[in-house]
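Dropping entry-v2.pdb in here (PDB, C-alpha atoms):
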ATOM      1  CA  MET A1135      -0.496 -36.962-104.968
ATOM      2  CA  MET A1136      -2.277 -37.754-101.730
ATOM      3  CA  GLN A1137      -3.440 -34.818 -99.672
ATOM      4  CA  ALA A1138      -0.814 -35.175 -96.902
ATOM      5  CA  ARG A1139       1.993 -35.245 -99.449
ATOM      6  CA  THR A1140       0.597 -32.283-101.329
ATOM      7  CA  ARG A1141       0.406 -30.375 -98.057
ATOM      8  CA  ALA A1142       3.992 -31.310 -97.238
ATOM      9  CA  VAL A1143       5.246 -30.216-100.676
ATOM     10  CA  VAL A1144       3.306 -26.949-100.406
ATOM     11  CA  THR A1145       4.830 -26.344 -96.962
ATOM     12  CA  LEU A1146       8.347 -26.910 -98.302
ATOM     13  CA  GLY A1147       7.530 -24.739-101.314
ATOM     14  CA  ILE A1148       6.363 -21.892 -99.072
ATOM     15  CA  VAL A1149       9.555 -22.185 -97.008
ATOM     16  CA  ALA A1150      11.573 -21.949-100.238
ATOM     17  CA  ILE A1151       9.613 -18.948-101.517
ATOM     18  CA  VAL A1152       9.870 -17.027 -98.237
ATOM     19  CA  ALA A1153      13.553 -17.885 -97.776
ATOM     20  CA  GLY A1154      14.338 -17.154-101.425
ATOM     21  CA  ILE A1155      12.602 -13.774-101.497
ATOM     22  CA  ALA A1156      14.155 -12.763 -98.171
ATOM     23  CA  ALA A1157      17.591 -13.839 -99.410
ATOM     24  CA  ALA A1158      17.153 -12.034-102.735
ATOM     25  CA  VAL A1159      16.057  -8.801-101.025
ATOM     26  CA  ASN A1160      18.937  -9.179 -98.576
ATOM     27  CA  ALA A1161      21.430  -9.553-101.436
ATOM     28  CA  ARG A1162      19.887  -6.928-103.741
ATOM     29  CA  ASP A1163      22.966  -4.687-103.588
ATOM     30  CA  GLN A1164      25.302  -7.483-104.666
ATOM     31  CA  SER A1165      26.085  -8.636-108.164
ATOM     32  CA  LEU A1166      23.849 -11.459-109.397
ATOM     33  CA  PHE A1167      26.502 -14.166-108.923
ATOM     34  CA  ALA A1168      28.497 -12.697-106.021
ATOM     35  CA  ASN A1169      30.858 -15.351-104.725
ATOM     36  CA  ALA A1170      30.069 -14.747-101.048
ATOM     37  CA  GLY A1171      26.353 -14.184-100.608
ATOM     38  CA  GLN A1172      24.720 -12.087 -97.919
ATOM     39  CA  GLN A1173      24.127 -13.811 -94.608
ATOM     40  CA  LEU A1174      20.406 -13.975 -93.818
ATOM     41  CA  GLY A1175      20.111 -13.507 -90.065
ATOM     42  CA  GLY A1176      22.007 -16.256 -88.293
ATOM     43  CA  LEU A1177      20.970 -18.772 -90.914
ATOM     44  CA  PHE A1178      22.228 -19.338 -94.451
ATOM     45  CA  ALA A1179      23.702 -17.101 -97.140
ATOM     46  CA  PHE A1180      22.687 -16.633-100.766
ATOM     47  CA  ASN A1181      23.596 -14.208-103.512
ATOM     48  CA  LEU A1182      20.842 -12.634-105.617
ATOM     49  CA  PHE A1183      20.777 -15.527-108.093
ATOM     50  CA  GLY A1184      20.613 -18.105-105.283
ATOM     51  CA  GLY A1185      17.669 -16.315-103.692
ATOM     52  CA  ILE A1186      15.733 -15.984-106.939
ATOM     53  CA  LEU A1187      16.403 -19.618-107.913
ATOM     54  CA  THR A1188      15.222 -20.843-104.501
ATOM     55  CA  ALA A1189      11.969 -18.899-104.738
ATOM     56  CA  VAL A1190      11.319 -20.029-108.339
ATOM     57  CA  LEU A1191      11.903 -23.690-107.433
ATOM     58  CA  GLY A1192       9.512 -23.281-104.487
ATOM     59  CA  VAL A1193       6.818 -21.992-106.861
ATOM     60  CA  ALA A1194       7.497 -24.854-109.290
ATOM     61  CA  ALA A1195       7.210 -27.446-106.496
ATOM     62  CA  ILE A1196       3.879 -26.034-105.326
ATOM     63  CA  LEU A1197       2.448 -25.872-108.847
ATOM     64  CA  GLY A1198       3.649 -29.417-109.534
ATOM     65  CA  ALA A1199       2.070 -30.765-106.351
ATOM     66  CA  ARG A1200      -1.221 -28.939-106.916
ATOM     67  CA  ALA A1201      -1.387 -30.313-110.458
ATOM     68  CA  GLY A1202      -0.520 -33.841-109.280
ATOM     69  CA  ARG A1203       2.642 -33.775-111.420
ATOM     70  CA  ARG A1204       5.209 -35.709-109.398
ATOM     71  CA  GLU A1205       7.857 -35.266-112.087
ATOM     72  CA  VAL A1206       7.773 -31.479-111.632
ATOM     73  CA  VAL A1207       8.289 -31.874-107.871
ATOM     74  CA  THR A1208      11.096 -34.366-108.542
ATOM     75  CA  ILE A1209      12.838 -31.996-110.966
ATOM     76  CA  ALA A1210      12.569 -29.083-108.519
ATOM     77  CA  GLY A1211      14.049 -31.293-105.801
ATOM     78  CA  ALA A1212      16.806 -32.516-108.110
ATOM     79  CA  ILE A1213      17.793 -28.926-108.943
ATOM     80  CA  PHE A1214      17.984 -28.164-105.211
ATOM     81  CA  LEU A1215      20.248 -31.219-104.803
ATOM     82  CA  LEU A1216      22.413 -30.023-107.703
ATOM     83  CA  GLY A1217      22.663 -26.651-105.947
ATOM     84  CA  ALA A1218      23.713 -28.457-102.760
ATOM     85  CA  ALA A1219      26.418 -30.366-104.626
ATOM     86  CA  ILE A1220      27.699 -27.183-106.263
ATOM     87  CA  THR A1221      27.724 -25.391-102.908
ATOM     88  CA  LEU A1222      29.665 -28.256-101.322
ATOM     89  CA  LEU A1223      32.258 -28.381-104.091
ATOM     90  CA  ARG A1224      32.540 -24.662-104.781
ATOM     91  CA  THR A1225      32.369 -23.041-101.331
ATOM     92  CA  ALA A1226      35.513 -20.935-100.821
ATOM     93  CA  THR A1227      36.197 -20.796-104.552
ATOM     94  CA  THR A1228      35.417 -18.122-107.096
ATOM     95  CA  LEU A1229      32.824 -20.397-108.721
ATOM     96  CA  ASN A1230      30.420 -20.444-105.767
ATOM     97  CA  PHE A1231      27.618 -19.130-107.940
ATOM     98  CA  LEU A1232      24.795 -19.482-105.408
ATOM     99  CA  GLY A1233      26.869 -17.542-102.873
ATOM    100  CA  GLY A1234      26.308 -20.151-100.165
ATOM    101  CA  HIS A1235      28.240 -21.820 -97.364
ATOM    102  CA  GLY A1236      27.774 -24.868 -95.131
ATOM    103  CA  ALA A1237      24.412 -23.764 -93.759
ATOM    104  CA  THR A1238      23.210 -23.056 -97.301
ATOM    105  CA  LEU A1239      24.278 -26.581 -98.222
ATOM    106  CA  SER A1240      22.123 -27.890 -95.364
ATOM    107  CA  PHE A1241      19.128 -25.812 -96.488
ATOM    108  CA  LEU A1242      19.453 -26.885-100.135
ATOM    109  CA  LEU A1243      19.846 -30.507 -99.047
ATOM    110  CA  MET A1244      16.692 -30.200 -96.941
ATOM    111  CA  MET A1245      14.684 -28.856 -99.863
ATOM    112  CA  GLY A1246      16.074 -31.359-102.368
ATOM    113  CA  VAL A1247      15.804 -34.480-100.246
ATOM    114  CA  GLY A1248      12.375 -33.487 -98.960
ATOM    115  CA  LEU A1249      10.845 -32.820-102.366
ATOM    116  CA  VAL A1250      12.373 -35.884-104.021
ATOM    117  CA  ALA A1251      11.372 -38.157-101.121
ATOM    118  CA  LEU A1252       7.793 -36.856-101.240
ATOM    119  CA  ALA A1253       7.632 -37.291-105.010
ATOM    120  CA  ILE A1254       9.083 -40.788-105.344
ATOM    121  CA  SER A1255       8.212 -42.646-102.123
ATOM    122  CA  PRO A1256       5.467 -45.242-102.589
ATOM    123  CA  GLU A1257       1.981 -44.724-101.217
ATOM    124  CA  ALA A1258       0.798 -47.007 -98.416
ATOM    125  CA  LYS A1259      -0.938 -50.065 -99.829
ATOM    126  CA  ALA A1260      -4.691 -50.230 -99.376
ATOM    127  CA  GLY A1261      -5.525 -52.116 -96.200
ATOM    128  CA  SER A1262      -2.211 -51.308 -94.520
ATOM    129  CA  ALA A1263      -2.220 -48.961 -91.565
TER     130      ALA A1263
ATOM    131  CA  MET B 302      -6.729 -47.365 -76.248
ATOM    132  CA  GLU B 303      -7.152 -46.634 -79.934
ATOM    133  CA  THR B 304      -4.049 -44.429 -80.052
ATOM    134  CA  ASP B 305      -2.116 -47.037 -78.142
ATOM    135  CA  THR B 306      -3.110 -49.682 -80.699
ATOM    136  CA  VAL B 307      -2.090 -47.422 -83.571
ATOM    137  CA  ASN B 308       1.254 -46.688 -81.908
ATOM    138  CA  ARG B 309       1.936 -50.352 -81.318
ATOM    139  CA  ALA B 310       1.416 -50.900 -85.045
ATOM    140  CA  GLY B 311       4.286 -48.449 -85.521
ATOM    141  CA  VAL B 312       2.556 -45.953 -87.769
ATOM    142  CA  GLY B 313       1.099 -43.376 -85.418
ATOM    143  CA  PRO B 314       2.631 -40.343 -83.786
ATOM    144  CA  PRO B 315       4.517 -41.038 -80.571
ATOM    145  CA  MET B 316       2.515 -38.486 -78.618
ATOM    146  CA  ASP B 317      -1.234 -38.620 -78.323
ATOM    147  CA  THR B 318      -1.920 -34.930 -77.850
ATOM    148  CA  ARG B 319      -1.375 -31.992 -80.171
ATOM    149  CA  LEU B 320       0.630 -30.231 -77.464
ATOM    150  CA  GLY B 321       2.888 -33.258 -77.036
ATOM    151  CA  ARG B 322       3.458 -33.587 -80.777
ATOM    152  CA  SER B 323       4.115 -29.847 -81.072
ATOM    153  CA  GLY B 324       6.713 -30.018 -78.307
ATOM    154  CA  VAL B 325       8.487 -32.932 -79.945
ATOM    155  CA  ALA B 326       8.438 -31.182 -83.339
ATOM    156  CA  PHE B 327       9.770 -27.987 -81.731
ATOM    157  CA  LEU B 328      12.665 -29.911 -80.176
ATOM    158  CA  ARG B 329      13.472 -31.556 -83.522
ATOM    159  CA  ILE B 330      13.381 -28.249 -85.422
ATOM    160  CA  VAL B 331      15.533 -26.419 -82.857
ATOM    161  CA  PHE B 332      18.180 -29.146 -83.039
ATOM    162  CA  GLY B 333      17.928 -29.153 -86.839
ATOM    163  CA  LEU B 334      18.634 -25.416 -86.843
ATOM    164  CA  LEU B 335      21.528 -25.954 -84.422
ATOM    165  CA  TRP B 336      23.236 -28.336 -86.865
ATOM    166  CA  LEU B 337      22.318 -26.236 -89.926
ATOM    167  CA  THR B 338      23.750 -23.001 -88.565
ATOM    168  CA  ASN B 339      26.907 -24.662 -87.279
ATOM    169  CA  ALA B 340      27.662 -26.071 -90.723
ATOM    170  CA  SER B 341      28.328 -22.488 -91.836
ATOM    171  CA  TRP B 342      31.795 -22.151 -90.275
ATOM    172  CA  LYS B 343      33.183 -25.426 -91.647
ATOM    173  CA  VAL B 344      34.837 -23.848 -94.665
ATOM    174  CA  PRO B 345      36.598 -26.026 -97.228
ATOM    175  CA  PRO B 346      39.188 -26.758 -98.369
ATOM    176  CA  ASP B 347      41.372 -25.860 -95.336
ATOM    177  CA  PHE B 348      38.757 -26.044 -92.555
ATOM    178  CA  ASP B 349      40.892 -23.765 -90.364
ATOM    179  CA  GLY B 350      38.215 -23.166 -87.713
ATOM    180  CA  LEU B 351      37.385 -26.844 -87.446
ATOM    181  CA  ARG B 352      41.091 -27.735 -87.276
ATOM    182  CA  HIS B 353      41.511 -25.260 -84.408
ATOM    183  CA  PHE B 354      38.754 -26.854 -82.335
ATOM    184  CA  THR B 355      39.718 -30.417 -83.279
ATOM    185  CA  SER B 356      43.281 -29.791 -82.094
ATOM    186  CA  PHE B 357      41.957 -29.303 -78.543
ATOM    187  CA  ALA B 358      41.584 -33.097 -78.451
ATOM    188  CA  VAL B 359      45.406 -33.189 -78.493
ATOM    189  CA  SER B 360      46.305 -30.085 -76.467
ATOM    190  CA  HIS B 361      43.573 -30.610 -73.820
ATOM    191  CA  PRO B 362      42.802 -34.333 -74.098
ATOM    192  CA  VAL B 363      39.576 -35.801 -72.745
ATOM    193  CA  PHE B 364      40.171 -39.466 -73.571
ATOM    194  CA  GLY B 365      43.605 -40.908 -74.332
ATOM    195  CA  PRO B 366      42.784 -43.205 -77.265
ATOM    196  CA  TYR B 367      40.703 -40.463 -78.911
ATOM    197  CA  LYS B 368      43.684 -38.083 -78.600
ATOM    198  CA  VAL B 369      45.890 -40.609 -80.416
ATOM    199  CA  ILE B 370      43.356 -41.036 -83.231
ATOM    200  CA  VAL B 371      42.924 -37.276 -83.683
ATOM    201  CA  GLU B 372      46.670 -36.640 -83.567
ATOM    202  CA  HIS B 373      47.710 -39.385 -85.991
ATOM    203  CA  VAL B 374      44.674 -39.901 -88.219
ATOM    204  CA  VAL B 375      42.325 -36.905 -88.193
ATOM    205  CA  LEU B 376      44.606 -33.844 -88.141
ATOM    206  CA  PRO B 377      47.003 -35.139 -90.859
ATOM    207  CA  HIS B 378      43.972 -35.745 -93.128
ATOM    208  CA  MET B 379      41.962 -32.681 -92.169
ATOM    209  CA  THR B 380      40.555 -32.016 -95.638
ATOM    210  CA  PHE B 381      38.890 -35.440 -95.746
ATOM    211  CA  PHE B 382      37.594 -35.255 -92.165
ATOM    212  CA  GLY B 383      36.569 -31.637 -92.702
ATOM    213  CA  TYR B 384      34.376 -32.592 -95.653
ATOM    214  CA  LEU B 385      33.041 -35.572 -93.685
ATOM    215  CA  THR B 386      32.100 -33.262 -90.800
ATOM    216  CA  LEU B 387      30.562 -30.664 -93.099
ATOM    217  CA  VAL B 388      28.428 -33.189 -94.971
ATOM    218  CA  THR B 389      27.390 -34.981 -91.763
ATOM    219  CA  GLU B 390      26.341 -31.802 -89.980
ATOM    220  CA  ALA B 391      24.624 -30.331 -93.048
ATOM    221  CA  ALA B 392      22.703 -33.588 -93.458
ATOM    222  CA  LEU B 393      21.821 -33.617 -89.744
ATOM    223  CA  GLY B 394      20.331 -30.148 -90.141
ATOM    224  CA  ALA B 395      18.464 -31.106 -93.300
ATOM    225  CA  PHE B 396      17.013 -34.422 -92.108
ATOM    226  CA  LEU B 397      16.083 -33.223 -88.604
ATOM    227  CA  LEU B 398      14.328 -30.153 -90.005
ATOM    228  CA  LEU B 399      12.420 -32.395 -92.420
ATOM    229  CA  GLY B 400      11.737 -35.066 -89.805
ATOM    230  CA  LEU B 401      12.899 -37.671 -92.324
ATOM    231  CA  VAL B 402      14.495 -40.997 -91.261
ATOM    232  CA  THR B 403      14.700 -39.195 -87.953
ATOM    233  CA  ARG B 404      15.718 -41.996 -85.602
ATOM    234  CA  PHE B 405      18.738 -42.858 -87.743
ATOM    235  CA  TRP B 406      19.857 -39.234 -87.895
ATOM    236  CA  ALA B 407      19.309 -38.820 -84.151
ATOM    237  CA  VAL B 408      21.816 -41.637 -83.597
ATOM    238  CA  VAL B 409      24.230 -39.936 -86.007
ATOM    239  CA  GLY B 410      23.717 -36.751 -83.988
ATOM    240  CA  ILE B 411      24.514 -38.558 -80.730
ATOM    241  CA  VAL B 412      27.763 -39.878 -82.232
ATOM    242  CA  GLN B 413      28.702 -36.495 -83.702
ATOM    243  CA  ALA B 414      27.922 -34.598 -80.483
ATOM    244  CA  GLY B 415      29.989 -37.198 -78.619
ATOM    245  CA  ALA B 416      32.918 -36.673 -81.004
ATOM    246  CA  ILE B 417      32.704 -32.892 -80.559
ATOM    247  CA  GLY B 418      32.571 -33.316 -76.788
ATOM    248  CA  LEU B 419      35.619 -35.579 -76.817
ATOM    249  CA  SER B 420      37.514 -32.866 -78.709
ATOM    250  CA  VAL B 421      36.640 -29.767 -76.718
ATOM    251  CA  LEU B 422      35.305 -30.800 -73.319
ATOM    252  CA  ASN B 423      38.524 -29.793 -71.536
ATOM    253  CA  ALA B 424      39.307 -26.796 -73.745
ATOM    254  CA  PRO B 425      39.575 -23.461 -71.941
ATOM    255  CA  GLY B 426      36.316 -21.549 -71.749
ATOM    256  CA  GLU B 427      34.114 -24.447 -72.817
ATOM    257  CA  TRP B 428      30.924 -25.173 -70.868
ATOM    258  CA  SER B 429      30.851 -28.972 -70.779
ATOM    259  CA  TRP B 430      27.110 -29.164 -70.114
ATOM    260  CA  SER B 431      26.374 -27.777 -73.583
ATOM    261  CA  TYR B 432      27.691 -31.031 -75.079
ATOM    262  CA  TYR B 433      25.830 -33.194 -72.574
ATOM    263  CA  MET B 434      22.656 -31.293 -73.485
ATOM    264  CA  MET B 435      23.302 -31.797 -77.201
ATOM    265  CA  ILE B 436      23.535 -35.526 -76.614
ATOM    266  CA  ALA B 437      20.462 -35.504 -74.355
ATOM    267  CA  GLY B 438      18.462 -33.624 -76.982
ATOM    268  CA  MET B 439      19.420 -36.102 -79.679
ATOM    269  CA  VAL B 440      18.486 -38.993 -77.374
ATOM    270  CA  ALA B 441      15.071 -37.376 -76.829
ATOM    271  CA  ILE B 442      14.593 -37.041 -80.607
ATOM    272  CA  TRP B 443      15.529 -40.700 -81.065
ATOM    273  CA  ALA B 444      13.353 -41.928 -78.184
ATOM    274  CA  THR B 445      10.257 -40.064 -79.343
ATOM    275  CA  ALA B 446      10.786 -40.815 -83.058
ATOM    276  CA  ALA B 447      10.302 -37.094 -83.480
ATOM    277  CA  GLY B 448       9.851 -37.195 -87.266
ATOM    278  CA  ARG B 449       6.453 -38.791 -86.751
ATOM    279  CA  ALA B 450       5.244 -35.560 -85.167
ATOM    280  CA  TYR B 451       4.647 -33.046 -87.985
ATOM    281  CA  GLY B 452       7.604 -34.458 -89.947
ATOM    282  CA  LEU B 453       7.915 -36.273 -93.266
ATOM    283  CA  ASP B 454       8.215 -39.608 -91.456
ATOM    284  CA  ALA B 455       4.545 -39.223 -90.539
ATOM    285  CA  VAL B 456       3.665 -38.893 -94.238
ATOM    286  CA  LEU B 457       6.039 -41.405 -95.822
ATOM    287  CA  ARG B 458       6.513 -44.127 -93.202
ATOM    288  CA  PRO B 459       3.215 -45.993 -93.836
ATOM    289  CA  GLY B 460       4.200 -46.385 -97.500
ATOM    290  CA  TRP B 461       7.689 -47.586 -96.612
ATOM    291  CA  LEU B 462       6.449 -50.138 -94.074
ATOM    292  CA  SER B 463       3.907 -51.620 -96.479
ATOM    293  CA  SER B 464       6.329 -51.699 -99.412
ATOM    294  CA  ASP B 465       7.574 -54.930-101.001
ATOM    295  CA  SER B 466      11.099 -53.500-101.001
ATOM    296  CA  PRO B 467      13.184 -54.618 -98.009
ATOM    297  CA  TRP B 468      15.190 -51.390 -98.334
ATOM    298  CA  LEU B 469      12.092 -49.239 -97.919
ATOM    299  CA  ARG B 470      10.860 -51.340 -94.997
ATOM    300  CA  PHE B 471      14.309 -50.876 -93.429
ATOM    301  CA  LEU B 472      13.977 -47.128 -94.001
ATOM    302  CA  GLY B 473      10.649 -47.341 -92.175
ATOM    303  CA  ARG B 474      12.359 -48.949 -89.201
ATOM    304  CA  LEU B 475      15.012 -46.205 -89.175
ATOM    305  CA  SER B 476      12.316 -43.555 -88.977
TER     306      SER B 476
END

Using structure tokens, write down the structure from this file.
Amino acid sequence: MMQARTRAVVTLGIVAIVAGIAAAVNARDQSLFANAGQQLGGLFAFNLFGGILTAVLGVAAILGARAGRREVVTIAGAIFLLGAAITLLRTATTLNFLGGHGATLSFLLMMGVGLVALAISPEAKAGSA
Amino acid sequence: METDTVNRAGVGPPMDTRLGRSGVAFLRIVFGLLWLTNASWKVPPDFDGLRHFTSFAVSHPVFGPYKVIVEHVVLPHMTFFGYLTLVTEAALGAFLLLGLVTRFWAVVGIVQAGAIGLSVLNAPGEWSWSYYMMIAGMVAIWATAAGRAYGLDAVLRPGWLSSDSPWLRFLGRLS
């Protein structure tokens, strides 16, 4: 991966790790798969599992980018997108196993789309600006 | 001159100073957070809160034809329009925070802020300037192509514009 992309993936990965750890600490008194996660400030909500998963995927994305393994970054992004889809379909049900709501959907979408776009978009051709 | 040439080629940042780019990125991120946080109270499947605010378009109409559409199309199919609103606003938050395909999403934001304004502008207790400012902010993001300042558009756009795929070149133009 080119340096700018690696930097961008690392930035997204750090955001995921910080947000995930903060969310997991915030939800530490809940059950692992609590249906309604703890609200983190005025932002999104996660349950303990959602927080841990977010942080782990952030680590995976960073390691994948540093190793030049686009497929690892793509898989991490795809799992975020799967989490977004589950949050969209399962919010307000008893199967909301990341504990999220609409803002969580937005956050997961950001991580998923960002990582996948960085992993699969073509490089600029040599000679082009 | 050099920056100007780069900008005319459509690949450089819209601002030629770090301060300018930082300001544009700050604006984009603040508006991204605005959309992200406001996606939290659109709760499926009933969307009660959203239905409440949408119904102001009928009880305190701003624009006659819009009232008719909301009354006869939107409110009777609130689940569909609720999901549409939730996905649109969640995506606005996601793409503006990333600075990805930013100009397209800024236009979506202008339309969405306009729709919100048309619903609640005359509702009791609403401060109408908040909706004008939302629209103005989205116009500023569109006009400055804010994703090219510390956003993913800055990283990915050169590859899209030089791609053989017309779809990717189109994506480049939307960014």

For range 465-471 of chain B, please output as a list in words all residues within 12 Å (counting only C-alpha atoms; exclusion window: fewer than 3 positions along the same chain).
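Returned residues: Ala1251, Ile1254, Ser1255, Pro1256, Glu1257, Ala1258 and Lys1259 of chain A; Gly311, Val402, Arg404, Phe405, Leu457, Arg458, Pro459, Gly460, Trp461, Leu462, Arg474, Leu475 and Ser476 of chain B.
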
I need the chain B residues near chain A as a ChimeraX atom specification; criterion: at most 6 Å, counting all atoms listed in the file.
/B:337-338,340-341,391,394-395,459-460,463

Please provide the set of residues having any atom within 10 Å of Ala414 in chain B, restricted to all atoms listed in the file, with same-chain residues fewer than 2 positions apart removed, written as a VMD selection string.
chain B and resid 408 to 412 416 to 420 431 to 437 439

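Note that the spacing between CA of Phe1180 in chain A and CA of Gly1154 in chain A amounts to 8.4 Å.
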
Between CA of Trp342 in chain B and CA of Phe381 in chain B - distance in Å to one decimal
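Computed distance, CA of Phe381 in chain B to CA of Trp342 in chain B, equals 16.0 Å.
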
Ala446 in chain B proximity check over B:Leu328, B:Val371, B:Ala358, B:Leu320, using only C-alpha atoms: winner is B:Leu328

Reference answer for the PyMOL selection byres ((chain A and resi 1195-1201) around 8), as a PyMOL selection string:
chain A and resi 1135+1140+1143-1144+1147-1148+1191-1194+1202-1207+1210-1211+1249

Limited to C-alpha atoms, could you put the picked residues into a file as a CSV table (one decimal), keeping the file's coordinate frame?
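This went into result.csv:
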chain,number,residue,atom,x,y,z
A,1135,MET,CA,-0.5,-37.0,-105.0
A,1140,THR,CA,0.6,-32.3,-101.3
A,1143,VAL,CA,5.2,-30.2,-100.7
A,1144,VAL,CA,3.3,-26.9,-100.4
A,1147,GLY,CA,7.5,-24.7,-101.3
A,1148,ILE,CA,6.4,-21.9,-99.1
A,1191,LEU,CA,11.9,-23.7,-107.4
A,1192,GLY,CA,9.5,-23.3,-104.5
A,1193,VAL,CA,6.8,-22.0,-106.9
A,1194,ALA,CA,7.5,-24.9,-109.3
A,1202,GLY,CA,-0.5,-33.8,-109.3
A,1203,ARG,CA,2.6,-33.8,-111.4
A,1204,ARG,CA,5.2,-35.7,-109.4
A,1205,GLU,CA,7.9,-35.3,-112.1
A,1206,VAL,CA,7.8,-31.5,-111.6
A,1207,VAL,CA,8.3,-31.9,-107.9
A,1210,ALA,CA,12.6,-29.1,-108.5
A,1211,GLY,CA,14.0,-31.3,-105.8
A,1249,LEU,CA,10.8,-32.8,-102.4

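Rounded to one decimal, CA of His373 in chain B and CA of Trp428 in chain B lie 26.7 Å from each other.
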
If you apply the PyMOL selection byres ((chain A and resi 1165) around 12) to this file, what residues do you get, as number ranges by chain?
A: 1158, 1160-1164, 1166-1172, 1180-1184, 1231-1233

Would you mind listing what lies within 6 Å of Leu397 in chain B as a PyMOL selection string, with all atoms listed in the file counted and same-chain residues fewer than 4 positions away left out?
chain B and resi 329+333+393

Between A:Val1250, A:Ala1157, A:Ile1151, A:Val1190, which residue has the minimum interatomic distance to Ala1212 in chain A, considering only C-alpha atoms?
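So, comparing all the options, the nearest one is A:Val1250.
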
Saving range 1158-1174 of chain A with N, CA and C atoms, as a PDB file, in the first residue's frame, what would that file be?
ATOM      1  N   ALA A1158     -15.941  -0.190  25.327  1.00  0.00           N
ATOM      2  CA  ALA A1158     -15.902  -1.415  26.134  1.00  0.00           C
ATOM      3  C   ALA A1158     -15.803  -1.075  27.629  1.00  0.00           C
ATOM      4  N   VAL A1159     -14.959  -0.100  27.959  1.00  0.00           N
ATOM      5  CA  VAL A1159     -14.841   0.325  29.364  1.00  0.00           C
ATOM      6  C   VAL A1159     -16.169   0.895  29.845  1.00  0.00           C
ATOM      7  N   ASN A1160     -16.800   1.674  28.975  1.00  0.00           N
ATOM      8  CA  ASN A1160     -18.078   2.314  29.295  1.00  0.00           C
ATOM      9  C   ASN A1160     -19.174   1.276  29.557  1.00  0.00           C
ATOM     10  N   ALA A1161     -19.076   0.139  28.862  1.00  0.00           N
ATOM     11  CA  ALA A1161     -20.132  -0.879  28.956  1.00  0.00           C
ATOM     12  C   ALA A1161     -19.695  -2.064  29.818  1.00  0.00           C
ATOM     13  N   ARG A1162     -18.651  -1.880  30.625  1.00  0.00           N
ATOM     14  CA  ARG A1162     -18.071  -3.014  31.359  1.00  0.00           C
ATOM     15  C   ARG A1162     -19.050  -3.635  32.358  1.00  0.00           C
ATOM     16  N   ASP A1163     -20.025  -2.873  32.825  1.00  0.00           N
ATOM     17  CA  ASP A1163     -20.964  -3.417  33.807  1.00  0.00           C
ATOM     18  C   ASP A1163     -22.143  -4.137  33.154  1.00  0.00           C
ATOM     19  N   GLN A1164     -22.216  -4.071  31.830  1.00  0.00           N
ATOM     20  CA  GLN A1164     -23.310  -4.739  31.126  1.00  0.00           C
ATOM     21  C   GLN A1164     -22.936  -6.174  30.802  1.00  0.00           C
ATOM     22  N   SER A1165     -23.947  -6.945  30.388  1.00  0.00           N
ATOM     23  CA  SER A1165     -23.639  -8.272  29.865  1.00  0.00           C
ATOM     24  C   SER A1165     -22.988  -8.099  28.493  1.00  0.00           C
ATOM     25  N   LEU A1166     -22.256  -9.121  28.069  1.00  0.00           N
ATOM     26  CA  LEU A1166     -21.457  -9.044  26.843  1.00  0.00           C
ATOM     27  C   LEU A1166     -22.290  -8.609  25.640  1.00  0.00           C
ATOM     28  N   PHE A1167     -23.495  -9.164  25.513  1.00  0.00           N
ATOM     29  CA  PHE A1167     -24.343  -8.885  24.345  1.00  0.00           C
ATOM     30  C   PHE A1167     -25.587  -8.079  24.711  1.00  0.00           C
ATOM     31  N   ALA A1168     -25.464  -7.168  25.664  1.00  0.00           N
ATOM     32  CA  ALA A1168     -26.639  -6.379  26.080  1.00  0.00           C
ATOM     33  C   ALA A1168     -27.307  -5.741  24.859  1.00  0.00           C
ATOM     34  N   ASN A1169     -28.615  -5.827  24.834  1.00  0.00           N
ATOM     35  CA  ASN A1169     -29.356  -5.366  23.655  1.00  0.00           C
ATOM     36  C   ASN A1169     -29.198  -3.862  23.418  1.00  0.00           C
ATOM     37  N   ALA A1170     -29.286  -3.082  24.485  1.00  0.00           N
ATOM     38  CA  ALA A1170     -29.090  -1.635  24.377  1.00  0.00           C
ATOM     39  C   ALA A1170     -27.756  -1.295  25.019  1.00  0.00           C
ATOM     40  N   GLY A1171     -26.779  -0.953  24.192  1.00  0.00           N
ATOM     41  CA  GLY A1171     -25.451  -0.650  24.709  1.00  0.00           C
ATOM     42  C   GLY A1171     -25.425   0.663  25.466  1.00  0.00           C
ATOM     43  N   GLN A1172     -24.260   0.924  26.087  1.00  0.00           N
ATOM     44  CA  GLN A1172     -24.092   2.180  26.816  1.00  0.00           C
ATOM     45  C   GLN A1172     -23.755   3.303  25.847  1.00  0.00           C
ATOM     46  N   GLN A1173     -24.412   4.425  26.029  1.00  0.00           N
ATOM     47  CA  GLN A1173     -24.133   5.603  25.214  1.00  0.00           C
ATOM     48  C   GLN A1173     -22.756   6.155  25.588  1.00  0.00           C
ATOM     49  N   LEU A1174     -21.930   6.406  24.591  1.00  0.00           N
ATOM     50  CA  LEU A1174     -20.596   6.961  24.839  1.00  0.00           C
ATOM     51  C   LEU A1174     -20.639   8.465  24.556  1.00  0.00           C
TER      52      LEU A1174
END
